[in-house]
$ cat structure_3.pdb   # PDB, C-alpha atoms, pLDDT in the B column
ATOM      1  CA  MET I   1    -245.806  46.073 -33.499  1.00 95.00           C
ATOM      2  CA  LYS I   2    -244.475  48.321 -36.235  1.00 96.00           C
ATOM      3  CA  PHE I   3    -246.304  50.171 -38.981  1.00 97.00           C
ATOM      4  CA  ARG I   4    -245.306  49.145 -42.499  1.00 97.00           C
ATOM      5  CA  PRO I   5    -246.465  51.719 -45.055  1.00 96.00           C
ATOM      6  CA  CYS I   6    -247.395  50.872 -48.629  1.00 95.00           C
ATOM      7  CA  ILE I   7    -247.199  52.340 -52.110  1.00 97.00           C
ATOM      8  CA  ASP I   8    -249.543  50.397 -54.394  1.00 95.00           C
ATOM      9  CA  ILE I   9    -249.137  51.321 -58.065  1.00 96.00           C
ATOM     10  CA  HIS I  10    -251.706  50.561 -60.774  1.00 94.00           C
ATOM     11  CA  ASN I  11    -251.765  51.943 -64.324  1.00 94.00           C
ATOM     12  CA  GLY I  12    -248.876  54.243 -63.426  1.00 96.00           C
ATOM     13  CA  LYS I  13    -250.720  55.808 -60.470  1.00 96.00           C
ATOM     14  CA  VAL I  14    -250.476  55.375 -56.699  1.00 97.00           C
ATOM     15  CA  LYS I  15    -253.802  53.833 -55.702  1.00 94.00           C
ATOM     16  CA  GLN I  16    -255.733  51.886 -53.129  1.00 90.00           C
ATOM     17  CA  ILE I  17    -258.047  49.281 -54.635  1.00 82.00           C
ATOM     18  CA  VAL I  18    -260.706  46.968 -53.254  1.00 69.00           C
ATOM     19  CA  GLY I  19    -259.216  43.558 -52.519  1.00 60.00           C
ATOM     20  CA  GLY I  20    -260.134  40.933 -55.078  1.00 60.00           C
ATOM     21  CA  SER I  21    -261.325  43.474 -57.651  1.00 62.00           C
ATOM     22  CA  LEU I  22    -258.115  43.580 -59.700  1.00 65.00           C
ATOM     23  CA  THR I  23    -258.319  42.041 -63.147  1.00 63.00           C
ATOM     24  CA  ASP I  24    -255.922  41.927 -66.081  1.00 61.00           C
ATOM     25  CA  VAL I  25    -258.853  42.465 -68.460  1.00 58.00           C
ATOM     26  CA  GLN I  26    -258.350  46.079 -69.569  1.00 57.00           C
ATOM     27  CA  ASP I  27    -256.390  46.566 -66.302  1.00 72.00           C
ATOM     28  CA  GLN I  28    -259.539  47.262 -64.329  1.00 69.00           C
ATOM     29  CA  ALA I  29    -260.002  47.516 -60.548  1.00 68.00           C
ATOM     30  CA  SER I  30    -262.490  48.998 -58.101  1.00 75.00           C
ATOM     31  CA  GLU I  31    -260.691  52.015 -56.673  1.00 79.00           C
ATOM     32  CA  ASN I  32    -260.853  53.354 -53.127  1.00 81.00           C
ATOM     33  CA  PHE I  33    -258.360  56.133 -53.806  1.00 91.00           C
ATOM     34  CA  VAL I  34    -256.258  57.525 -56.655  1.00 93.00           C
ATOM     35  CA  SER I  35    -253.452  59.868 -55.653  1.00 94.00           C
ATOM     36  CA  GLU I  36    -252.485  63.064 -57.410  1.00 95.00           C
ATOM     37  CA  GLN I  37    -248.949  62.562 -56.051  1.00 97.00           C
ATOM     38  CA  ASP I  38    -246.325  60.290 -57.556  1.00 97.00           C
ATOM     39  CA  ALA I  39    -244.621  57.396 -55.779  1.00 98.00           C
ATOM     40  CA  SER I  40    -241.568  59.457 -54.804  1.00 98.00           C
ATOM     41  CA  PHE I  41    -243.799  61.754 -52.717  1.00 98.00           C
ATOM     42  CA  TYR I  42    -244.815  58.862 -50.477  1.00 98.00           C
ATOM     43  CA  ALA I  43    -241.326  57.358 -50.397  1.00 98.00           C
ATOM     44  CA  ASP I  44    -239.908  60.699 -49.267  1.00 98.00           C
ATOM     45  CA  LEU I  45    -242.642  61.011 -46.631  1.00 97.00           C
ATOM     46  CA  TYR I  46    -241.807  57.592 -45.208  1.00 98.00           C
ATOM     47  CA  LYS I  47    -238.099  58.376 -45.368  1.00 98.00           C
ATOM     48  CA  LYS I  48    -238.500  61.609 -43.407  1.00 97.00           C
ATOM     49  CA  ALA I  49    -240.599  59.756 -40.824  1.00 97.00           C
ATOM     50  CA  GLY I  50    -237.868  57.142 -40.458  1.00 96.00           C
ATOM     51  CA  ILE I  51    -240.173  54.216 -41.265  1.00 96.00           C
ATOM     52  CA  LYS I  52    -238.471  51.252 -42.900  1.00 96.00           C
ATOM     53  CA  GLY I  53    -239.863  48.067 -44.414  1.00 97.00           C
ATOM     54  CA  GLY I  54    -242.742  49.550 -46.387  1.00 97.00           C
ATOM     55  CA  HIS I  55    -244.067  47.775 -49.455  1.00 97.00           C
ATOM     56  CA  VAL I  56    -244.032  49.040 -53.031  1.00 98.00           C
ATOM     57  CA  ILE I  57    -246.397  46.842 -55.043  1.00 96.00           C
ATOM     58  CA  LEU I  58    -246.770  46.779 -58.837  1.00 96.00           C
ATOM     59  CA  LEU I  59    -250.373  45.856 -59.620  1.00 93.00           C
ATOM     60  CA  ASN I  60    -250.036  45.533 -63.400  1.00 93.00           C
ATOM     61  CA  SER I  61    -248.890  42.343 -65.104  1.00 91.00           C
ATOM     62  CA  HIS I  62    -245.827  42.272 -67.366  1.00 92.00           C
ATOM     63  CA  ASP I  63    -247.955  42.192 -70.526  1.00 92.00           C
ATOM     64  CA  SER I  64    -250.060  45.213 -69.531  1.00 93.00           C
ATOM     65  CA  PRO I  65    -249.668  48.371 -71.643  1.00 94.00           C
ATOM     66  CA  TYR I  66    -249.390  50.216 -68.315  1.00 95.00           C
ATOM     67  CA  TYR I  67    -246.604  48.022 -66.943  1.00 96.00           C
ATOM     68  CA  GLU I  68    -243.688  50.271 -67.880  1.00 97.00           C
ATOM     69  CA  ALA I  69    -245.360  53.335 -66.365  1.00 97.00           C
ATOM     70  CA  THR I  70    -246.074  51.383 -63.195  1.00 97.00           C
ATOM     71  CA  LYS I  71    -242.519  50.056 -63.043  1.00 98.00           C
ATOM     72  CA  GLU I  72    -241.117  53.556 -63.577  1.00 98.00           C
ATOM     73  CA  GLN I  73    -243.054  54.782 -60.537  1.00 98.00           C
ATOM     74  CA  ALA I  74    -241.848  51.839 -58.469  1.00 98.00           C
ATOM     75  CA  LEU I  75    -238.206  52.473 -59.345  1.00 98.00           C
ATOM     76  CA  LEU I  76    -238.694  56.136 -58.548  1.00 98.00           C
ATOM     77  CA  ALA I  77    -239.858  55.225 -55.047  1.00 98.00           C
ATOM     78  CA  LEU I  78    -236.901  52.899 -54.483  1.00 98.00           C
ATOM     79  CA  ARG I  79    -234.385  55.506 -55.586  1.00 98.00           C
ATOM     80  CA  THR I  80    -236.015  58.112 -53.356  1.00 98.00           C
ATOM     81  CA  TYR I  81    -235.683  55.911 -50.270  1.00 98.00           C
ATOM     82  CA  PRO I  82    -232.753  53.502 -50.778  1.00 98.00           C
ATOM     83  CA  LYS I  83    -232.874  50.405 -48.534  1.00 98.00           C
ATOM     84  CA  GLY I  84    -236.041  51.703 -46.889  1.00 98.00           C
ATOM     85  CA  LEU I  85    -238.620  49.906 -49.030  1.00 98.00           C
ATOM     86  CA  GLN I  86    -239.431  46.416 -50.226  1.00 98.00           C
ATOM     87  CA  ILE I  87    -240.892  45.700 -53.668  1.00 98.00           C
ATOM     88  CA  GLY I  88    -243.296  43.108 -55.032  1.00 97.00           C
ATOM     89  CA  GLY I  89    -245.461  42.396 -58.027  1.00 95.00           C
ATOM     90  CA  GLY I  90    -244.207  40.075 -60.744  1.00 94.00           C
ATOM     91  CA  VAL I  91    -240.810  39.657 -59.111  1.00 97.00           C
ATOM     92  CA  ASN I  92    -238.743  36.730 -60.370  1.00 96.00           C
ATOM     93  CA  PRO I  93    -235.045  35.792 -60.573  1.00 97.00           C
ATOM     94  CA  ASP I  94    -234.668  37.649 -63.880  1.00 97.00           C
ATOM     95  CA  ASN I  95    -235.764  41.075 -62.621  1.00 97.00           C
ATOM     96  CA  ALA I  96    -235.052  40.910 -58.871  1.00 98.00           C
ATOM     97  CA  GLY I  97    -231.508  42.184 -59.284  1.00 97.00           C
ATOM     98  CA  GLU I  98    -232.692  45.357 -61.001  1.00 98.00           C
ATOM     99  CA  TYR I  99    -234.930  46.197 -58.056  1.00 98.00           C
ATOM    100  CA  LEU I 100    -232.243  45.469 -55.465  1.00 98.00           C
ATOM    101  CA  ASN I 101    -229.754  47.581 -57.409  1.00 98.00           C
ATOM    102  CA  ALA I 102    -232.306  50.393 -57.548  1.00 98.00           C
ATOM    103  CA  GLY I 103    -232.459  50.441 -53.756  1.00 98.00           C
ATOM    104  CA  ALA I 104    -234.969  47.826 -52.593  1.00 98.00           C
ATOM    105  CA  SER I 105    -234.065  46.275 -49.238  1.00 98.00           C
ATOM    106  CA  HIS I 106    -236.039  43.111 -50.085  1.00 98.00           C
ATOM    107  CA  VAL I 107    -238.008  41.648 -52.957  1.00 98.00           C
ATOM    108  CA  ILE I 108    -241.486  40.265 -52.265  1.00 98.00           C
ATOM    109  CA  VAL I 109    -242.439  37.121 -54.143  1.00 96.00           C
ATOM    110  CA  THR I 110    -245.859  35.611 -54.711  1.00 90.00           C
ATOM    111  CA  SER I 111    -246.881  34.134 -58.060  1.00 88.00           C
ATOM    112  CA  TYR I 112    -243.408  32.939 -59.023  1.00 93.00           C
ATOM    113  CA  VAL I 113    -243.399  30.596 -56.042  1.00 93.00           C
ATOM    114  CA  PHE I 114    -247.125  29.891 -55.523  1.00 86.00           C
ATOM    115  CA  LYS I 115    -249.020  28.561 -58.527  1.00 76.00           C
ATOM    116  CA  ASP I 116    -252.441  26.879 -58.626  1.00 73.00           C
ATOM    117  CA  GLY I 117    -252.487  26.570 -54.845  1.00 71.00           C
ATOM    118  CA  LYS I 118    -249.164  24.749 -54.707  1.00 82.00           C
ATOM    119  CA  ILE I 119    -245.653  25.715 -53.685  1.00 89.00           C
ATOM    120  CA  SER I 120    -242.963  25.389 -56.330  1.00 92.00           C
ATOM    121  CA  TRP I 121    -239.956  24.437 -54.236  1.00 93.00           C
ATOM    122  CA  LYS I 122    -237.800  24.564 -57.362  1.00 95.00           C
ATOM    123  CA  ASN I 123    -238.756  28.192 -58.004  1.00 95.00           C
ATOM    124  CA  LEU I 124    -238.434  29.085 -54.334  1.00 96.00           C
ATOM    125  CA  ASN I 125    -234.915  27.700 -54.169  1.00 96.00           C
ATOM    126  CA  ARG I 126    -233.964  29.461 -57.402  1.00 97.00           C
ATOM    127  CA  MET I 127    -235.293  32.736 -55.984  1.00 97.00           C
ATOM    128  CA  LYS I 128    -233.401  32.241 -52.735  1.00 97.00           C
ATOM    129  CA  ASP I 129    -230.185  31.365 -54.565  1.00 97.00           C
ATOM    130  CA  THR I 130    -230.530  34.456 -56.771  1.00 97.00           C
ATOM    131  CA  VAL I 131    -231.159  37.140 -54.126  1.00 97.00           C
ATOM    132  CA  GLY I 132    -230.280  35.433 -50.832  1.00 97.00           C
ATOM    133  CA  LYS I 133    -232.834  34.571 -48.155  1.00 96.00           C
ATOM    134  CA  GLU I 134    -231.886  37.770 -46.304  1.00 98.00           C
ATOM    135  CA  ASN I 135    -233.388  39.805 -49.173  1.00 98.00           C
ATOM    136  CA  LEU I 136    -236.504  37.704 -49.709  1.00 98.00           C
ATOM    137  CA  VAL I 137    -240.047  38.229 -48.408  1.00 98.00           C
ATOM    138  CA  LEU I 138    -242.752  35.659 -49.110  1.00 96.00           C
ATOM    139  CA  ASP I 139    -246.249  37.047 -49.664  1.00 94.00           C
ATOM    140  CA  LEU I 140    -248.932  34.648 -48.440  1.00 91.00           C
ATOM    141  CA  SER I 141    -252.584  35.244 -49.332  1.00 85.00           C
ATOM    142  CA  CYS I 142    -254.826  33.596 -46.763  1.00 84.00           C
ATOM    143  CA  ARG I 143    -258.463  32.660 -47.101  1.00 81.00           C
ATOM    144  CA  LYS I 144    -260.583  30.667 -44.676  1.00 82.00           C
ATOM    145  CA  LYS I 145    -262.125  27.468 -46.027  1.00 81.00           C
ATOM    146  CA  ASP I 146    -263.900  24.754 -44.052  1.00 81.00           C
ATOM    147  CA  GLY I 147    -262.758  26.328 -40.805  1.00 82.00           C
ATOM    148  CA  LYS I 148    -259.063  26.465 -41.714  1.00 77.00           C
ATOM    149  CA  TYR I 149    -256.776  29.132 -43.098  1.00 73.00           C
ATOM    150  CA  TYR I 150    -254.930  28.259 -46.284  1.00 73.00           C
ATOM    151  CA  ILE I 151    -251.907  28.707 -47.079  1.00 73.00           C
ATOM    152  CA  VAL I 152    -250.986  29.557 -43.488  1.00 66.00           C
ATOM    153  CA  THR I 153    -251.804  26.179 -41.991  1.00 60.00           C
ATOM    154  CA  ASP I 154    -250.096  24.195 -44.735  1.00 64.00           C
ATOM    155  CA  ARG I 155    -246.329  24.123 -44.204  1.00 67.00           C
ATOM    156  CA  TRP I 156    -245.819  27.864 -43.978  1.00 76.00           C
ATOM    157  CA  GLN I 157    -243.380  27.425 -41.063  1.00 76.00           C
ATOM    158  CA  THR I 158    -241.176  25.348 -43.377  1.00 82.00           C
ATOM    159  CA  LEU I 159    -241.107  28.264 -45.800  1.00 89.00           C
ATOM    160  CA  GLY I 160    -239.483  30.378 -43.102  1.00 91.00           C
ATOM    161  CA  GLU I 161    -236.182  28.644 -43.723  1.00 91.00           C
ATOM    162  CA  HIS I 162    -236.128  30.153 -47.216  1.00 93.00           C
ATOM    163  CA  CYS I 163    -236.888  33.834 -46.540  1.00 96.00           C
ATOM    164  CA  ASP I 164    -236.286  36.783 -44.230  1.00 97.00           C
ATOM    165  CA  GLU I 165    -239.904  37.884 -43.635  1.00 97.00           C
ATOM    166  CA  PHE I 166    -243.538  37.076 -44.367  1.00 96.00           C
ATOM    167  CA  LEU I 167    -246.198  39.452 -45.675  1.00 96.00           C
ATOM    168  CA  VAL I 168    -249.625  37.911 -45.028  1.00 94.00           C
ATOM    169  CA  HIS I 169    -252.795  39.159 -46.729  1.00 91.00           C
ATOM    170  CA  ALA I 170    -256.194  38.347 -45.262  1.00 89.00           C
ATOM    171  CA  VAL I 171    -257.820  38.410 -48.683  1.00 81.00           C
ATOM    172  CA  ASP I 172    -261.423  38.057 -47.515  1.00 78.00           C
ATOM    173  CA  VAL I 173    -261.262  41.459 -45.783  1.00 79.00           C
ATOM    174  CA  GLU I 174    -258.505  43.171 -47.775  1.00 75.00           C
ATOM    175  CA  GLY I 175    -259.315  46.657 -49.054  1.00 65.00           C
ATOM    176  CA  LYS I 176    -262.644  46.807 -47.194  1.00 65.00           C
ATOM    177  CA  ALA I 177    -261.527  48.474 -43.915  1.00 72.00           C
ATOM    178  CA  HIS I 178    -264.234  46.646 -41.947  1.00 78.00           C
ATOM    179  CA  GLY I 179    -262.070  44.996 -39.302  1.00 89.00           C
ATOM    180  CA  VAL I 180    -259.171  42.580 -39.003  1.00 93.00           C
ATOM    181  CA  GLU I 181    -259.369  38.791 -38.888  1.00 93.00           C
ATOM    182  CA  THR I 182    -258.550  38.236 -35.229  1.00 94.00           C
ATOM    183  CA  GLU I 183    -258.455  34.456 -35.554  1.00 93.00           C
ATOM    184  CA  LEU I 184    -255.827  34.730 -38.268  1.00 93.00           C
ATOM    185  CA  ALA I 185    -253.851  37.221 -36.163  1.00 95.00           C
ATOM    186  CA  GLU I 186    -253.835  34.786 -33.247  1.00 96.00           C
ATOM    187  CA  LEU I 187    -252.671  31.996 -35.534  1.00 93.00           C
ATOM    188  CA  LEU I 188    -249.864  34.087 -36.999  1.00 94.00           C
ATOM    189  CA  SER I 189    -248.709  35.159 -33.539  1.00 96.00           C
ATOM    190  CA  ARG I 190    -247.655  31.591 -32.763  1.00 94.00           C
ATOM    191  CA  TYR I 191    -244.832  31.834 -35.299  1.00 93.00           C
ATOM    192  CA  THR I 192    -241.847  33.724 -33.925  1.00 93.00           C
ATOM    193  CA  LYS I 193    -238.888  32.759 -36.132  1.00 93.00           C
ATOM    194  CA  ARG I 194    -239.381  35.477 -38.790  1.00 95.00           C
ATOM    195  CA  PRO I 195    -241.037  38.919 -38.826  1.00 96.00           C
ATOM    196  CA  VAL I 196    -244.654  38.739 -40.011  1.00 97.00           C
ATOM    197  CA  THR I 197    -246.617  41.689 -41.393  1.00 98.00           C
ATOM    198  CA  TYR I 198    -250.417  41.453 -41.413  1.00 96.00           C
ATOM    199  CA  ALA I 199    -252.448  43.172 -44.148  1.00 94.00           C
ATOM    200  CA  GLY I 200    -256.213  43.353 -44.565  1.00 90.00           C
ATOM    201  CA  GLY I 201    -259.286  44.948 -43.048  1.00 90.00           C
ATOM    202  CA  VAL I 202    -257.751  47.653 -40.867  1.00 93.00           C
ATOM    203  CA  GLY I 203    -260.242  50.506 -40.800  1.00 92.00           C
ATOM    204  CA  SER I 204    -259.703  52.210 -37.445  1.00 93.00           C
ATOM    205  CA  VAL I 205    -257.308  52.605 -34.558  1.00 93.00           C
ATOM    206  CA  SER I 206    -259.396  50.075 -32.613  1.00 95.00           C
ATOM    207  CA  ASP I 207    -258.719  47.523 -35.359  1.00 95.00           C
ATOM    208  CA  ILE I 208    -255.004  48.059 -34.831  1.00 95.00           C
ATOM    209  CA  GLU I 209    -255.481  47.507 -31.113  1.00 96.00           C
ATOM    210  CA  ASP I 210    -257.359  44.275 -31.894  1.00 96.00           C
ATOM    211  CA  LEU I 211    -254.437  43.202 -34.044  1.00 96.00           C
ATOM    212  CA  ARG I 212    -252.021  44.061 -31.246  1.00 97.00           C
ATOM    213  CA  LYS I 213    -254.108  42.067 -28.763  1.00 97.00           C
ATOM    214  CA  TYR I 214    -254.781  38.946 -30.809  1.00 97.00           C
ATOM    215  CA  GLY I 215    -251.366  39.057 -32.456  1.00 97.00           C
ATOM    216  CA  LYS I 216    -249.745  39.310 -29.009  1.00 97.00           C
ATOM    217  CA  ASP I 217    -247.865  42.415 -30.173  1.00 96.00           C
ATOM    218  CA  ARG I 218    -245.726  40.207 -32.420  1.00 97.00           C
ATOM    219  CA  LEU I 219    -247.168  41.247 -35.781  1.00 97.00           C
ATOM    220  CA  ASP I 220    -246.366  44.315 -37.840  1.00 98.00           C
ATOM    221  CA  VAL I 221    -249.223  45.961 -39.689  1.00 97.00           C
ATOM    222  CA  THR I 222    -249.734  47.636 -43.040  1.00 95.00           C
ATOM    223  CA  VAL I 223    -252.633  50.021 -43.585  1.00 94.00           C
ATOM    224  CA  GLY I 224    -253.907  50.968 -47.022  1.00 90.00           C
ATOM    225  CA  SER I 225    -257.204  52.661 -47.833  1.00 88.00           C
ATOM    226  CA  ALA I 226    -257.943  53.463 -44.181  1.00 91.00           C
ATOM    227  CA  LEU I 227    -254.862  55.701 -43.945  1.00 94.00           C
ATOM    228  CA  ASP I 228    -255.483  59.440 -44.176  1.00 95.00           C
ATOM    229  CA  LEU I 229    -252.787  59.692 -46.863  1.00 96.00           C
ATOM    230  CA  PHE I 230    -255.111  57.619 -49.050  1.00 94.00           C
ATOM    231  CA  GLY I 231    -258.422  59.207 -48.093  1.00 91.00           C
ATOM    232  CA  GLY I 232    -259.043  57.204 -44.907  1.00 92.00           C
ATOM    233  CA  ARG I 233    -259.598  58.091 -41.253  1.00 92.00           C
ATOM    234  CA  ILE I 234    -256.458  56.821 -39.522  1.00 95.00           C
ATOM    235  CA  PRO I 235    -253.853  59.580 -39.107  1.00 96.00           C
ATOM    236  CA  PHE I 236    -250.413  58.789 -40.491  1.00 96.00           C
ATOM    237  CA  THR I 237    -248.979  60.737 -37.537  1.00 95.00           C
ATOM    238  CA  GLU I 238    -250.556  58.201 -35.156  1.00 92.00           C
ATOM    239  CA  LEU I 239    -249.246  55.146 -36.963  1.00 94.00           C
ATOM    240  CA  ILE I 240    -245.648  56.306 -37.002  1.00 92.00           C
ATOM    241  CA  LYS I 241    -245.787  56.164 -33.176  1.00 90.00           C
ATOM    242  CA  LEU I 242    -246.340  52.392 -33.165  1.00 87.00           C
TER     243      LEU I 242
END
$ encode --input "structure_3.pdb" --output "structure tokens"
Amino acid sequence: MKFRPCIDIHNGKVKQIVGGSLTDVQDQASENFVSEQDASFYADLYKKAGIKGGHVILLNSHDSPYYEATKEQALLALRTYPKGLQIGGGVNPDNAGEYLNAGASHVIVTSYVFKDGKISWKNLNRMKDTVGKENLVLDLSCRKKDGKYYIVTDRWQTLGEHCDEFLVHAVDVEGKAHGVETELAELLSRYTKRPVTYAGGVGSVSDIEDLRKYGKDRLDVTVGSALDLFGGRIPFTELIKL
């Protein structure tokens, strides 16, 4: 298990928001934490700690009046820690090159590939051809319905042939810091062909140990609002020891 740090950017600010609260209407979100530091502060912190593979996420849409400010912060983070961070949020074949040239190790793709609950294989192949599978991370949002996890249980192993890593969000618990979804962790642990990072619900060190146990020590973990850097209780100095 490795710790994957995050830099979530909304309205030009580094933030932690409650999962599912983000809306494009007036760019609103329920906030757990708003930092007084810019994105380069966190990128430099992760760089000095020697932690690679963290996620910079743009939370504003392209048509938001805050998008340029958010993008500026994201690029600042990438330039501060070249090849140490991945980036996601509205990534597509037209803008992926800019982020890779700015220093991103990988681009993280969600909406360009997954639309209306379906996989666009055409878009996935175009993305892979543009950046190379070695630079591509697929972001899967998972929600339990009728006793099954979707999108995880529906052909996600096949997707592994098109990317370098998976970032998996347990959306029902994301941003709430009330515990991890152990059943999902156990399910994800069965896949060993690509690195998988779990996100959602981590609120304590014991939650991380649960993730280690049920994920059979095969999953990496990202921690957001529960991290002391973002107002939470889990010490950053503890996580960098993972």
$ atom_distance --input "structure_3.pdb" --atom1 "CA of Lys193 in chain I" --atom2 "CA of Val137 in chain I"
13.5 Å
$ atom_distance --input "structure_3.pdb" --atom1 "CA of Phe166 in chain I" --atom2 "CA of Glu181 in chain I"
16.8 Å
$ closest_residue --input "structure_3.pdb" --among "I:Glu72, I:Asp8, I:Asp172, I:Asp207" --to "Tyr99 in chain I" --atoms "all atoms listed in the file"
I:Glu72
$ residues_around --input "structure_3.pdb" --residues "Val221 in chain I" --least-positions-apart "6" --cutoff "6 Å" --atoms "all atoms listed in the file" --output "PyMOL selection string"
chain I and resi 3-4+197-198
$ resolve_selection --input "structure_3.pdb" --expression "the PyMOL selection byres ((chain I and resi 224) around 12)" --output "short mmCIF file (atom, residue, chain, number, x, y, z; two decimals) with C-alpha atoms, keeping the file's coordinate frame"
data_model
loop_
_atom_site.label_atom_id
_atom_site.label_comp_id
_atom_site.auth_asym_id
_atom_site.auth_seq_id
_atom_site.Cartn_x
_atom_site.Cartn_y
_atom_site.Cartn_z
CA PHE I 3 -246.30 50.17 -38.98
CA ARG I 4 -245.31 49.14 -42.50
CA PRO I 5 -246.46 51.72 -45.06
CA CYS I 6 -247.40 50.87 -48.63
CA ILE I 7 -247.20 52.34 -52.11
CA ASP I 8 -249.54 50.40 -54.39
CA VAL I 14 -250.48 55.38 -56.70
CA LYS I 15 -253.80 53.83 -55.70
CA GLN I 16 -255.73 51.89 -53.13
CA ILE I 17 -258.05 49.28 -54.64
CA VAL I 18 -260.71 46.97 -53.25
CA GLY I 19 -259.22 43.56 -52.52
CA GLU I 31 -260.69 52.02 -56.67
CA ASN I 32 -260.85 53.35 -53.13
CA PHE I 33 -258.36 56.13 -53.81
CA VAL I 34 -256.26 57.52 -56.66
CA GLY I 54 -242.74 49.55 -46.39
CA HIS I 55 -244.07 47.78 -49.46
CA VAL I 56 -244.03 49.04 -53.03
CA ILE I 57 -246.40 46.84 -55.04
CA HIS I 169 -252.80 39.16 -46.73
CA GLU I 174 -258.50 43.17 -47.78
CA GLY I 175 -259.32 46.66 -49.05
CA LYS I 176 -262.64 46.81 -47.19
CA ALA I 177 -261.53 48.47 -43.92
CA TYR I 198 -250.42 41.45 -41.41
CA ALA I 199 -252.45 43.17 -44.15
CA GLY I 200 -256.21 43.35 -44.56
CA GLY I 201 -259.29 44.95 -43.05
CA VAL I 202 -257.75 47.65 -40.87
CA GLY I 203 -260.24 50.51 -40.80
CA SER I 204 -259.70 52.21 -37.44
CA VAL I 221 -249.22 45.96 -39.69
CA THR I 222 -249.73 47.64 -43.04
CA VAL I 223 -252.63 50.02 -43.58
CA SER I 225 -257.20 52.66 -47.83
CA ALA I 226 -257.94 53.46 -44.18
CA LEU I 227 -254.86 55.70 -43.94
CA ASP I 228 -255.48 59.44 -44.18
CA LEU I 229 -252.79 59.69 -46.86
CA PHE I 230 -255.11 57.62 -49.05
CA GLY I 231 -258.42 59.21 -48.09
CA GLY I 232 -259.04 57.20 -44.91
CA ARG I 233 -259.60 58.09 -41.25
CA ILE I 234 -256.46 56.82 -39.52
CA PRO I 235 -253.85 59.58 -39.11
CA PHE I 236 -250.41 58.79 -40.49
CA LEU I 239 -249.25 55.15 -36.96
#
$ closest_residue --input "structure_3.pdb" --among "I:Met1, I:Cys142, I:Leu167, I:Leu58" --to "Ala77 in chain I" --atoms "all atoms listed in the file"
I:Leu58
$ closest_residue --input "structure_3.pdb" --among "I:Tyr46, I:Tyr81, I:Tyr67, I:Tyr149" --to "Val171 in chain I" --atoms "only C-alpha atoms"
I:Tyr149
$ resolve_selection --input "structure_3.pdb" --expression "the PyMOL selection byres ((chain I and resi 162) around 12)" --output "PyMOL selection string"
chain I and resi 109+113+121-138+156-161+163-166+193-194
$ write_last_selection --input "structure_3.pdb" --atoms "C-alpha atoms" --output "compact mmCIF listing (two decimals), in the frame of the given file"
# COMPACT_ATOMS: atom_id res chain seq x y z
CA VAL I 109 -242.44 37.12 -54.14
CA VAL I 113 -243.40 30.60 -56.04
CA TRP I 121 -239.96 24.44 -54.24
CA LYS I 122 -237.80 24.56 -57.36
CA ASN I 123 -238.76 28.19 -58.00
CA LEU I 124 -238.43 29.08 -54.33
CA ASN I 125 -234.92 27.70 -54.17
CA ARG I 126 -233.96 29.46 -57.40
CA MET I 127 -235.29 32.74 -55.98
CA LYS I 128 -233.40 32.24 -52.74
CA ASP I 129 -230.18 31.36 -54.56
CA THR I 130 -230.53 34.46 -56.77
CA VAL I 131 -231.16 37.14 -54.13
CA GLY I 132 -230.28 35.43 -50.83
CA LYS I 133 -232.83 34.57 -48.16
CA GLU I 134 -231.89 37.77 -46.30
CA ASN I 135 -233.39 39.80 -49.17
CA LEU I 136 -236.50 37.70 -49.71
CA VAL I 137 -240.05 38.23 -48.41
CA LEU I 138 -242.75 35.66 -49.11
CA TRP I 156 -245.82 27.86 -43.98
CA GLN I 157 -243.38 27.42 -41.06
CA THR I 158 -241.18 25.35 -43.38
CA LEU I 159 -241.11 28.26 -45.80
CA GLY I 160 -239.48 30.38 -43.10
CA GLU I 161 -236.18 28.64 -43.72
CA CYS I 163 -236.89 33.83 -46.54
CA ASP I 164 -236.29 36.78 -44.23
CA GLU I 165 -239.90 37.88 -43.64
CA PHE I 166 -243.54 37.08 -44.37
CA LYS I 193 -238.89 32.76 -36.13
CA ARG I 194 -239.38 35.48 -38.79
$ closest_residue --input "structure_3.pdb" --among "I:Asn11, I:Ser105, I:Ser141, I:Ser35" --to "His62 in chain I" --atoms "all atoms listed in the file"
I:Asn11
$ closest_residue --input "structure_3.pdb" --among "I:Lys2, I:Glu36, I:Leu78, I:Ile108" --to "Asp217 in chain I" --atoms "all atoms listed in the file"
I:Lys2
$ atom_distance --input "structure_3.pdb" --atom1 "CA of Tyr191 in chain I" --atom2 "CA of Gly215 in chain I"
10.1 Å
$ closest_residue --input "structure_3.pdb" --among "I:Glu98, I:Ala74, I:Glu186, I:His10" --to "Ser61 in chain I" --atoms "only C-alpha atoms"
I:His10
$ residues_around --input "structure_3.pdb" --residues "Arg190 in chain I" --least-positions-apart "2" --cutoff "9 Å" --atoms "only C-alpha atoms" --output "list in words"
Glu186, Leu187, Leu188, Thr192, Gly215, Lys216 and Arg218 of chain I
$ axis_aligned_box --input "structure_3.pdb" --around "range 139-145 of chain I" --padding-each-side "3 Å" --output "JSON"
{"center_x": -254.2, "center_y": 32.3, "center_z": -47.2, "size_x": 21.9, "size_y": 15.6, "size_z": 11.0}
$ residues_around --input "structure_3.pdb" --residues "Ala104 in chain I" --least-positions-apart "4" --cutoff "7 Å" --atoms "only C-alpha atoms" --output "PyMOL selection string"
chain I and resi 78+82-87+99-100
$ write_last_selection --input "structure_3.pdb" --atoms "C-alpha atoms" --output "PDB file, in the coordinates of the input"
ATOM      1  CA  LEU I  78    -236.901  52.899 -54.483  1.00 98.00           C
ATOM      2  CA  PRO I  82    -232.753  53.502 -50.778  1.00 98.00           C
ATOM      3  CA  LYS I  83    -232.874  50.405 -48.534  1.00 98.00           C
ATOM      4  CA  GLY I  84    -236.041  51.703 -46.889  1.00 98.00           C
ATOM      5  CA  LEU I  85    -238.620  49.906 -49.030  1.00 98.00           C
ATOM      6  CA  GLN I  86    -239.431  46.416 -50.226  1.00 98.00           C
ATOM      7  CA  ILE I  87    -240.892  45.700 -53.668  1.00 98.00           C
ATOM      8  CA  TYR I  99    -234.930  46.197 -58.056  1.00 98.00           C
ATOM      9  CA  LEU I 100    -232.243  45.469 -55.465  1.00 98.00           C
TER      10      LEU I 100
END
